[in-house]
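Participant: Following this line is data.pdb, made up of PDB, C-alpha atoms, pLDDT in the B column:
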```pdb
ATOM      1  CA  MET N   6      32.445 -30.988 -36.501  1.00 48.00           C
ATOM      2  CA  VAL N   7      34.852 -33.877 -36.015  1.00 49.00           C
ATOM      3  CA  ARG N   8      38.499 -32.920 -35.613  1.00 49.00           C
ATOM      4  CA  LEU N   9      40.468 -35.519 -37.545  1.00 51.00           C
ATOM      5  CA  LEU N  10      44.188 -34.899 -37.333  1.00 53.00           C
ATOM      6  CA  PRO N  11      45.910 -35.172 -40.724  1.00 54.00           C
ATOM      7  CA  LYS N  12      48.502 -37.895 -41.036  1.00 56.00           C
ATOM      8  CA  PRO N  13      51.582 -36.665 -42.913  1.00 56.00           C
ATOM      9  CA  ARG N  14      53.105 -39.068 -45.424  1.00 54.00           C
ATOM     10  CA  GLY N  15      56.707 -39.439 -46.514  1.00 61.00           C
ATOM     11  CA  ARG N  16      59.915 -39.278 -44.516  1.00 59.00           C
ATOM     12  CA  ALA N  17      61.259 -36.389 -46.567  1.00 54.00           C
ATOM     13  CA  ALA N  18      58.190 -34.333 -45.679  1.00 55.00           C
ATOM     14  CA  LYS N  19      58.709 -35.114 -42.001  1.00 57.00           C
ATOM     15  CA  ARG N  20      62.438 -34.342 -41.937  1.00 53.00           C
ATOM     16  CA  ARG N  21      63.531 -31.838 -39.346  1.00 42.00           C
ATOM     17  CA  LEU N  22      66.858 -30.580 -38.055  1.00 36.00           C
ATOM     18  CA  ALA N  23      67.280 -31.610 -34.442  1.00 38.00           C
ATOM     19  CA  PRO N  24      70.453 -31.961 -32.341  1.00 37.00           C
ATOM     20  CA  SER N  25      71.175 -35.294 -30.706  1.00 38.00           C
ATOM     21  CA  ILE N  26      70.620 -34.110 -27.172  1.00 35.00           C
ATOM     22  CA  GLY N  27      70.868 -37.633 -25.799  1.00 40.00           C
ATOM     23  CA  ARG N  28      74.584 -38.041 -26.564  1.00 41.00           C
ATOM     24  CA  ASP N  29      75.972 -36.991 -23.213  1.00 41.00           C
ATOM     25  CA  LEU N  30      73.263 -38.985 -21.456  1.00 42.00           C
ATOM     26  CA  ALA N  31      74.395 -41.998 -23.464  1.00 42.00           C
ATOM     27  CA  ALA N  32      77.977 -41.378 -22.409  1.00 43.00           C
ATOM     28  CA  ARG N  33      76.938 -41.304 -18.752  1.00 44.00           C
ATOM     29  CA  TRP N  34      74.956 -44.532 -19.199  1.00 41.00           C
ATOM     30  CA  ILE N  35      77.934 -46.275 -20.821  1.00 44.00           C
ATOM     31  CA  LEU N  36      80.304 -45.115 -18.104  1.00 44.00           C
ATOM     32  CA  LYS N  37      77.989 -46.463 -15.427  1.00 46.00           C
ATOM     33  CA  GLN N  38      77.842 -49.873 -17.105  1.00 46.00           C
ATOM     34  CA  VAL N  39      81.616 -50.041 -17.355  1.00 43.00           C
ATOM     35  CA  GLN N  40      82.063 -49.072 -13.731  1.00 47.00           C
ATOM     36  CA  ASP N  41      79.420 -51.560 -12.579  1.00 48.00           C
ATOM     37  CA  ASP N  42      81.009 -54.383 -14.587  1.00 47.00           C
ATOM     38  CA  GLY N  43      84.541 -53.567 -13.494  1.00 45.00           C
ATOM     39  CA  ILE N  44      85.839 -53.164 -17.052  1.00 38.00           C
ATOM     40  CA  ARG N  45      88.941 -50.983 -17.217  1.00 36.00           C
ATOM     41  CA  ASP N  46      89.974 -50.691 -20.864  1.00 35.00           C
ATOM     42  CA  VAL N  47      87.120 -49.239 -22.912  1.00 37.00           C
ATOM     43  CA  SER N  48      87.261 -46.355 -25.350  1.00 36.00           C
ATOM     44  CA  PHE N  49      84.831 -43.503 -24.842  1.00 36.00           C
ATOM     45  CA  ALA N  50      86.641 -41.182 -27.206  1.00 34.00           C
ATOM     46  CA  CYS N  51      84.511 -42.517 -30.057  1.00 35.00           C
ATOM     47  CA  ALA N  52      81.199 -42.176 -28.204  1.00 38.00           C
ATOM     48  CA  HIS N  53      79.788 -39.603 -30.617  1.00 37.00           C
ATOM     49  CA  GLY N  54      82.737 -37.300 -29.905  1.00 37.00           C
ATOM     50  CA  SER N  55      81.234 -36.394 -26.556  1.00 39.00           C
ATOM     51  CA  SER N  56      83.458 -34.062 -24.547  1.00 43.00           C
ATOM     52  CA  ALA N  57      81.440 -34.983 -21.468  1.00 42.00           C
ATOM     53  CA  ALA N  58      82.436 -38.631 -21.842  1.00 42.00           C
ATOM     54  CA  THR N  59      86.121 -37.752 -22.116  1.00 41.00           C
ATOM     55  CA  GLU N  60      85.922 -35.479 -19.077  1.00 47.00           C
ATOM     56  CA  MET N  61      84.125 -38.125 -17.060  1.00 42.00           C
ATOM     57  CA  LEU N  62      86.703 -40.736 -17.964  1.00 39.00           C
ATOM     58  CA  GLY N  63      89.462 -38.414 -16.770  1.00 45.00           C
ATOM     59  CA  LYS N  64      87.765 -38.019 -13.438  1.00 43.00           C
ATOM     60  CA  ALA N  65      87.257 -41.777 -13.192  1.00 42.00           C
ATOM     61  CA  ASP N  66      90.929 -42.413 -14.038  1.00 44.00           C
ATOM     62  CA  MET N  67      89.975 -44.942 -16.726  1.00 39.00           C
ATOM     63  CA  PRO N  68      92.392 -45.516 -19.617  1.00 41.00           C
ATOM     64  CA  LEU N  69      91.226 -45.149 -23.202  1.00 36.00           C
ATOM     65  CA  ASP N  70      91.757 -47.677 -25.939  1.00 38.00           C
ATOM     66  CA  SER N  71      90.024 -48.744 -29.154  1.00 38.00           C
ATOM     67  CA  MET N  72      88.535 -52.063 -28.087  1.00 37.00           C
ATOM     68  CA  LEU N  73      84.964 -50.963 -28.888  1.00 39.00           C
ATOM     69  CA  ASP N  74      83.907 -48.918 -31.885  1.00 47.00           C
ATOM     70  CA  SER N  75      81.249 -46.208 -31.856  1.00 47.00           C
ATOM     71  CA  SER N  76      78.493 -48.483 -33.157  1.00 52.00           C
ATOM     72  CA  ALA N  77      79.037 -50.948 -30.310  1.00 47.00           C
ATOM     73  CA  LEU N  78      78.990 -48.170 -27.734  1.00 43.00           C
ATOM     74  CA  SER N  79      75.856 -46.670 -29.272  1.00 50.00           C
ATOM     75  CA  SER N  80      74.081 -50.032 -29.185  1.00 48.00           C
ATOM     76  CA  MET N  81      74.731 -50.275 -25.443  1.00 43.00           C
ATOM     77  CA  ALA N  82      73.017 -46.966 -24.846  1.00 73.00           C
ATOM     78  CA  ILE N  83      70.060 -47.651 -27.099  1.00 83.00           C
ATOM     79  CA  ASN N  84      69.091 -51.240 -26.233  1.00 89.00           C
ATOM     80  CA  ASP N  85      66.786 -50.264 -23.385  1.00 92.00           C
ATOM     81  CA  GLN N  86      65.157 -47.562 -25.500  1.00 93.00           C
ATOM     82  CA  ILE N  87      64.401 -50.007 -28.285  1.00 94.00           C
ATOM     83  CA  ALA N  88      63.051 -52.586 -25.841  1.00 95.00           C
ATOM     84  CA  ASN N  89      60.703 -50.010 -24.306  1.00 95.00           C
ATOM     85  CA  VAL N  90      59.489 -48.745 -27.676  1.00 97.00           C
ATOM     86  CA  GLU N  91      58.932 -52.222 -29.088  1.00 98.00           C
ATOM     87  CA  SER N  92      57.195 -53.642 -26.010  1.00 97.00           C
ATOM     88  CA  SER N  93      54.867 -50.655 -25.627  1.00 98.00           C
ATOM     89  CA  CYS N  94      53.940 -50.669 -29.339  1.00 98.00           C
ATOM     90  CA  ARG N  95      53.271 -54.410 -29.377  1.00 98.00           C
ATOM     91  CA  ALA N  96      51.282 -54.294 -26.144  1.00 98.00           C
ATOM     92  CA  TYR N  97      48.988 -51.634 -27.594  1.00 98.00           C
ATOM     93  CA  LEU N  98      48.470 -53.512 -30.878  1.00 98.00           C
ATOM     94  CA  ASP N  99      47.897 -56.813 -29.049  1.00 98.00           C
ATOM     95  CA  LEU N 100      45.225 -55.198 -26.880  1.00 98.00           C
ATOM     96  CA  LEU N 101      43.532 -53.709 -29.937  1.00 98.00           C
ATOM     97  CA  ARG N 102      43.370 -57.179 -31.517  1.00 97.00           C
ATOM     98  CA  SER N 103      41.985 -58.896 -28.443  1.00 96.00           C
ATOM     99  CA  ALA N 104      40.510 -56.920 -25.549  1.00 97.00           C
ATOM    100  CA  PRO N 105      38.659 -58.356 -22.525  1.00 97.00           C
ATOM    101  CA  ALA N 106      34.888 -58.549 -22.660  1.00 97.00           C
ATOM    102  CA  ASP N 107      34.347 -56.377 -19.590  1.00 98.00           C
ATOM    103  CA  PRO N 108      34.288 -52.682 -20.613  1.00 97.00           C
ATOM    104  CA  ARG N 109      35.944 -51.333 -17.479  1.00 97.00           C
ATOM    105  CA  GLU N 110      38.674 -53.967 -17.540  1.00 98.00           C
ATOM    106  CA  ARG N 111      39.587 -53.261 -21.147  1.00 98.00           C
ATOM    107  CA  GLN N 112      39.453 -49.503 -20.606  1.00 98.00           C
ATOM    108  CA  LEU N 113      41.867 -49.809 -17.685  1.00 98.00           C
ATOM    109  CA  LEU N 114      44.201 -51.910 -19.822  1.00 98.00           C
ATOM    110  CA  LEU N 115      43.992 -49.374 -22.626  1.00 98.00           C
ATOM    111  CA  ALA N 116      44.795 -46.513 -20.235  1.00 98.00           C
ATOM    112  CA  THR N 117      47.851 -48.441 -19.048  1.00 98.00           C
ATOM    113  CA  ALA N 118      48.973 -49.164 -22.611  1.00 98.00           C
ATOM    114  CA  LEU N 119      48.714 -45.466 -23.495  1.00 98.00           C
ATOM    115  CA  ASP N 120      50.673 -44.519 -20.379  1.00 98.00           C
ATOM    116  CA  HIS N 121      53.425 -46.964 -21.334  1.00 98.00           C
ATOM    117  CA  LEU N 122      53.670 -45.392 -24.781  1.00 98.00           C
ATOM    118  CA  CYS N 123      54.119 -41.970 -23.170  1.00 97.00           C
ATOM    119  CA  ALA N 124      56.797 -43.356 -20.879  1.00 96.00           C
ATOM    120  CA  ALA N 125      58.606 -44.963 -23.814  1.00 96.00           C
ATOM    121  CA  TYR N 126      58.663 -41.635 -25.647  1.00 96.00           C
ATOM    122  CA  ASN N 127      60.115 -39.839 -22.624  1.00 94.00           C
ATOM    123  CA  GLN N 128      62.853 -42.461 -22.334  1.00 92.00           C
ATOM    124  CA  THR N 129      64.101 -42.128 -25.911  1.00 93.00           C
ATOM    125  CA  SER N 130      66.869 -39.869 -27.185  1.00 91.00           C
ATOM    126  CA  ASP N 131      66.287 -37.258 -29.862  1.00 92.00           C
ATOM    127  CA  VAL N 132      68.096 -38.900 -32.784  1.00 92.00           C
ATOM    128  CA  GLU N 133      68.482 -38.204 -36.467  1.00 93.00           C
ATOM    129  CA  PRO N 134      67.074 -40.797 -38.892  1.00 94.00           C
ATOM    130  CA  ASP N 135      69.484 -42.913 -40.895  1.00 90.00           C
ATOM    131  CA  SER N 136      67.672 -41.958 -44.090  1.00 87.00           C
ATOM    132  CA  THR N 137      64.953 -39.676 -45.413  1.00 85.00           C
ATOM    133  CA  ASP N 138      63.972 -41.695 -48.481  1.00 87.00           C
ATOM    134  CA  VAL N 139      62.732 -44.928 -46.871  1.00 91.00           C
ATOM    135  CA  ASP N 140      59.058 -45.102 -45.944  1.00 93.00           C
ATOM    136  CA  ALA N 141      57.263 -47.906 -44.150  1.00 94.00           C
ATOM    137  CA  PRO N 142      54.589 -49.658 -46.223  1.00 93.00           C
ATOM    138  CA  ARG N 143      51.134 -48.163 -45.887  1.00 90.00           C
ATOM    139  CA  THR N 144      49.191 -49.838 -43.125  1.00 93.00           C
ATOM    140  CA  ASP N 145      45.718 -51.274 -43.465  1.00 93.00           C
ATOM    141  CA  MET N 146      43.592 -48.605 -41.810  1.00 95.00           C
ATOM    142  CA  LYS N 147      40.429 -50.598 -42.457  1.00 96.00           C
ATOM    143  CA  GLN N 148      41.857 -53.553 -40.544  1.00 97.00           C
ATOM    144  CA  PHE N 149      42.830 -51.426 -37.565  1.00 97.00           C
ATOM    145  CA  GLY N 150      39.478 -49.654 -37.653  1.00 97.00           C
ATOM    146  CA  GLY N 151      37.700 -52.996 -37.550  1.00 98.00           C
ATOM    147  CA  GLN N 152      39.773 -54.129 -34.595  1.00 98.00           C
ATOM    148  CA  ALA N 153      39.067 -50.880 -32.753  1.00 98.00           C
ATOM    149  CA  ALA N 154      35.321 -51.146 -33.336  1.00 98.00           C
ATOM    150  CA  SER N 155      35.281 -54.774 -32.228  1.00 98.00           C
ATOM    151  CA  SER N 156      37.448 -54.383 -29.128  1.00 98.00           C
ATOM    152  CA  PHE N 157      36.229 -50.967 -27.911  1.00 98.00           C
ATOM    153  CA  PRO N 158      32.723 -50.386 -29.298  1.00 98.00           C
ATOM    154  CA  GLU N 159      31.870 -48.048 -26.424  1.00 97.00           C
ATOM    155  CA  LEU N 160      34.494 -45.456 -27.393  1.00 97.00           C
ATOM    156  CA  GLY N 161      32.470 -43.081 -29.525  1.00 96.00           C
ATOM    157  CA  PHE N 162      32.407 -39.304 -30.023  1.00 97.00           C
ATOM    158  CA  TYR N 163      33.404 -36.808 -27.358  1.00 97.00           C
ATOM    159  CA  PRO N 164      33.490 -32.982 -27.243  1.00 95.00           C
ATOM    160  CA  GLN N 165      36.818 -31.408 -28.024  1.00 94.00           C
ATOM    161  CA  VAL N 166      38.370 -27.947 -28.194  1.00 93.00           C
ATOM    162  CA  HIS N 167      41.854 -26.756 -29.060  1.00 92.00           C
ATOM    163  CA  PRO N 168      43.568 -25.458 -25.893  1.00 92.00           C
ATOM    164  CA  LEU N 169      45.403 -22.701 -27.787  1.00 94.00           C
ATOM    165  CA  GLU N 170      42.550 -21.321 -29.870  1.00 93.00           C
ATOM    166  CA  GLY N 171      40.797 -19.260 -27.222  1.00 94.00           C
ATOM    167  CA  PHE N 172      37.389 -19.320 -25.589  1.00 95.00           C
ATOM    168  CA  GLU N 173      35.339 -18.260 -28.593  1.00 94.00           C
ATOM    169  CA  GLN N 174      36.080 -21.322 -30.725  1.00 94.00           C
ATOM    170  CA  GLU N 175      33.444 -23.762 -31.877  1.00 95.00           C
ATOM    171  CA  ILE N 176      33.270 -26.995 -29.904  1.00 95.00           C
ATOM    172  CA  GLY N 177      34.356 -29.881 -32.077  1.00 95.00           C
ATOM    173  CA  GLN N 178      34.253 -33.632 -31.693  1.00 95.00           C
ATOM    174  CA  GLY N 179      36.893 -36.249 -31.152  1.00 96.00           C
ATOM    175  CA  TRP N 180      36.226 -39.882 -31.987  1.00 97.00           C
ATOM    176  CA  GLY N 181      37.609 -42.687 -29.861  1.00 98.00           C
ATOM    177  CA  LEU N 182      37.670 -45.204 -32.696  1.00 98.00           C
ATOM    178  CA  ASP N 183      39.556 -42.788 -34.947  1.00 98.00           C
ATOM    179  CA  ASP N 184      42.076 -42.203 -32.150  1.00 98.00           C
ATOM    180  CA  LEU N 185      42.606 -45.941 -31.683  1.00 98.00           C
ATOM    181  CA  THR N 186      43.012 -46.527 -35.399  1.00 98.00           C
ATOM    182  CA  ASP N 187      45.485 -43.726 -36.078  1.00 98.00           C
ATOM    183  CA  ILE N 188      47.645 -44.649 -33.097  1.00 98.00           C
ATOM    184  CA  ALA N 189      47.753 -48.263 -34.281  1.00 98.00           C
ATOM    185  CA  SER N 190      48.680 -47.292 -37.824  1.00 98.00           C
ATOM    186  CA  ASP N 191      51.591 -45.130 -36.717  1.00 98.00           C
ATOM    187  CA  LEU N 192      52.913 -47.702 -34.254  1.00 98.00           C
ATOM    188  CA  ALA N 193      52.802 -50.414 -36.897  1.00 98.00           C
ATOM    189  CA  GLU N 194      55.124 -48.272 -39.025  1.00 97.00           C
ATOM    190  CA  VAL N 195      57.549 -47.940 -36.110  1.00 98.00           C
ATOM    191  CA  LEU N 196      57.596 -51.717 -35.699  1.00 98.00           C
ATOM    192  CA  TRP N 197      58.277 -52.137 -39.418  1.00 97.00           C
ATOM    193  CA  PHE N 198      61.453 -50.071 -39.066  1.00 96.00           C
ATOM    194  CA  LEU N 199      62.477 -52.145 -36.050  1.00 96.00           C
ATOM    195  CA  ASP N 200      61.866 -55.366 -37.977  1.00 96.00           C
ATOM    196  CA  GLN N 201      64.134 -53.990 -40.714  1.00 95.00           C
ATOM    197  CA  ARG N 202      66.810 -53.265 -38.059  1.00 94.00           C
ATOM    198  CA  ARG N 203      66.648 -49.551 -38.863  1.00 94.00           C
ATOM    199  CA  VAL N 204      66.991 -48.490 -35.245  1.00 93.00           C
ATOM    200  CA  ASN N 205      67.493 -44.742 -35.627  1.00 94.00           C
ATOM    201  CA  ASP N 206      64.707 -44.589 -38.204  1.00 96.00           C
ATOM    202  CA  ALA N 207      62.392 -46.404 -35.776  1.00 97.00           C
ATOM    203  CA  ILE N 208      63.156 -44.109 -32.846  1.00 96.00           C
ATOM    204  CA  TRP N 209      62.884 -41.005 -35.024  1.00 96.00           C
ATOM    205  CA  GLN N 210      59.551 -42.206 -36.434  1.00 97.00           C
ATOM    206  CA  PHE N 211      58.265 -42.998 -32.939  1.00 98.00           C
ATOM    207  CA  ARG N 212      59.245 -39.597 -31.567  1.00 97.00           C
ATOM    208  CA  TRP N 213      58.086 -37.615 -34.603  1.00 97.00           C
ATOM    209  CA  GLY N 214      54.723 -39.364 -34.589  1.00 98.00           C
ATOM    210  CA  TYR N 215      54.223 -38.682 -30.895  1.00 98.00           C
ATOM    211  CA  GLU N 216      55.031 -34.996 -31.287  1.00 98.00           C
ATOM    212  CA  ASN N 217      53.035 -34.427 -34.482  1.00 97.00           C
ATOM    213  CA  HIS N 218      50.291 -37.020 -34.879  1.00 98.00           C
ATOM    214  CA  TRP N 219      49.600 -40.115 -32.794  1.00 98.00           C
ATOM    215  CA  GLY N 220      50.575 -38.329 -29.563  1.00 98.00           C
ATOM    216  CA  HIS N 221      47.696 -35.884 -30.068  1.00 97.00           C
ATOM    217  CA  HIS N 222      45.298 -38.791 -30.545  1.00 98.00           C
ATOM    218  CA  LEU N 223      46.749 -40.504 -27.466  1.00 98.00           C
ATOM    219  CA  HIS N 224      46.275 -37.564 -25.126  1.00 98.00           C
ATOM    220  CA  ASN N 225      42.792 -36.762 -26.417  1.00 97.00           C
ATOM    221  CA  LEU N 226      41.799 -40.405 -25.957  1.00 98.00           C
ATOM    222  CA  ARG N 227      43.509 -40.679 -22.573  1.00 98.00           C
ATOM    223  CA  ARG N 228      41.524 -37.748 -21.191  1.00 97.00           C
ATOM    224  CA  TYR N 229      38.312 -39.251 -22.567  1.00 97.00           C
ATOM    225  CA  LEU N 230      39.181 -42.584 -20.939  1.00 97.00           C
ATOM    226  CA  HIS N 231      39.960 -40.951 -17.605  1.00 97.00           C
ATOM    227  CA  ASN N 232      36.525 -39.382 -17.521  1.00 96.00           C
ATOM    228  CA  LEU N 233      34.835 -42.647 -18.504  1.00 96.00           C
ATOM    229  CA  LEU N 234      36.676 -44.568 -15.821  1.00 97.00           C
ATOM    230  CA  TYR N 235      36.465 -42.160 -12.901  1.00 96.00           C
ATOM    231  CA  TRP N 236      33.776 -39.583 -13.694  1.00 93.00           C
ATOM    232  CA  GLY N 237      31.353 -41.444 -15.942  1.00 80.00           C
TER     233      GLY N 237
END
```
Before anything else, please render the file you have as structure tokens.
Facilitator:
Amino acid sequence: MVRLLPKPRGRAAKRRLAPSIGRDLAARWILKQVQDDGIRDVSFACAHGSSAATEMLGKADMPLDSMLDSSALSSMAINDQIANVESSCRAYLDLLRSAPADPRERQLLLATALDHLCAAYNQTSDVEPDSTDVDAPRTDMKQFGGQAASSFPELGFYPQVHPLEGFEQEIGQGWGLDDLTDIASDLAEVLWFLDQRRVNDAIWQFRWGYENHWGHHLHNLRRYLHNLLYWG
């Protein structure tokens, strides 16, 4: 039995209610930049209405004004997140298109690319999407599957069990090429949103996919890779 994780379609189907827990972190990041740059007259009152930002400004004895609007302040906090997401997605897709000939070398590069994707997820804020009715175009799964088979032909089937389904469950199979393909497809959708300058949509898509689809493929594949590299 091969466990193939279903890929949900449609933003409306994926919609969830989640608080923006990164707001106060963003306020702290903005305050640090202002202090480092020696800027004195910057408004934090519009930084998502964060009480933490206002309190911090009071302690820092920094006057408030309206020189920067909320969108400008938000973009300061999110630039590094977007750079990390975009670079990690592109690095993975570039490797899938053209991997080194040596199996161990390309497996090490793949392990690093997967680790960078995990790091990018952990460095993003939990945001709400700008819309629920805009979907990225369907990706070419056949193209990504061909790239996976060409670049990593050694990544075949591996035994797999669900860690929450107990000890009596049937042993299933994961498939390295399916993992590679599904990760690529989801990341290509994230990049489409970035190319359209839909920043919140891109981050939301990236985070949702990690939590519900491509992240499962990533961790299954990463464990398989670890055993190939160090225990095979």
Participant: Please enumerate the residues selected by the PyMOL selection byres ((chain N and resi 98-114) around 9) when evaluated against the supplied file, formatted as a PyMOL selection string.
Facilitator: chain N and resi 93-97+115-119+149+152-153+155-157+159+185+189+192-193+230+233-234
Participant: Once you have the residues from the selection above, write them out as a compact mmCIF listing (two decimals), in the frame of the given file, restricted to C-alpha atoms.
Facilitator:
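In the end it all went to result-v2.txt:
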```
# COMPACT_ATOMS: atom_id res chain seq x y z
CA SER N 93 54.87 -50.66 -25.63
CA CYS N 94 53.94 -50.67 -29.34
CA ARG N 95 53.27 -54.41 -29.38
CA ALA N 96 51.28 -54.29 -26.14
CA TYR N 97 48.99 -51.63 -27.59
CA LEU N 115 43.99 -49.37 -22.63
CA ALA N 116 44.80 -46.51 -20.24
CA THR N 117 47.85 -48.44 -19.05
CA ALA N 118 48.97 -49.16 -22.61
CA LEU N 119 48.71 -45.47 -23.50
CA PHE N 149 42.83 -51.43 -37.56
CA GLN N 152 39.77 -54.13 -34.60
CA ALA N 153 39.07 -50.88 -32.75
CA SER N 155 35.28 -54.77 -32.23
CA SER N 156 37.45 -54.38 -29.13
CA PHE N 157 36.23 -50.97 -27.91
CA GLU N 159 31.87 -48.05 -26.42
CA LEU N 185 42.61 -45.94 -31.68
CA ALA N 189 47.75 -48.26 -34.28
CA LEU N 192 52.91 -47.70 -34.25
CA ALA N 193 52.80 -50.41 -36.90
CA LEU N 230 39.18 -42.58 -20.94
CA LEU N 233 34.84 -42.65 -18.50
CA LEU N 234 36.68 -44.57 -15.82
```
Participant: Identify, on the basis of all atoms listed in the file, every residue whose closest approach to region 200-215 of chain N does not exceed 10 Å; exclude the query and any residue fewer than 3 positions from it along the same chain; express the result as a PyMOL selection string.
Facilitator: chain N and resi 12-13+16+19-21+80+83-84+86-87+90-91+94+122-123+125-127+129-137+139-141+188+191-192+194-197+218-224
Participant: Can you give me, as a PyMOL selection string, the residues this file yields under the PyMOL selection byres ((chain N and resi 182) around 7)?
Facilitator: chain N and resi 150+153-154+160-161+180-181+183-186
Participant: Which value, in Å to one decimal, gives the distance between CA of Asn217 (chain N) and CA of Trp236 (chain N)?
Facilitator: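 Going from CA of Asn217 (chain N) over to CA of Trp236 (chain N) covers 28.8 Å.
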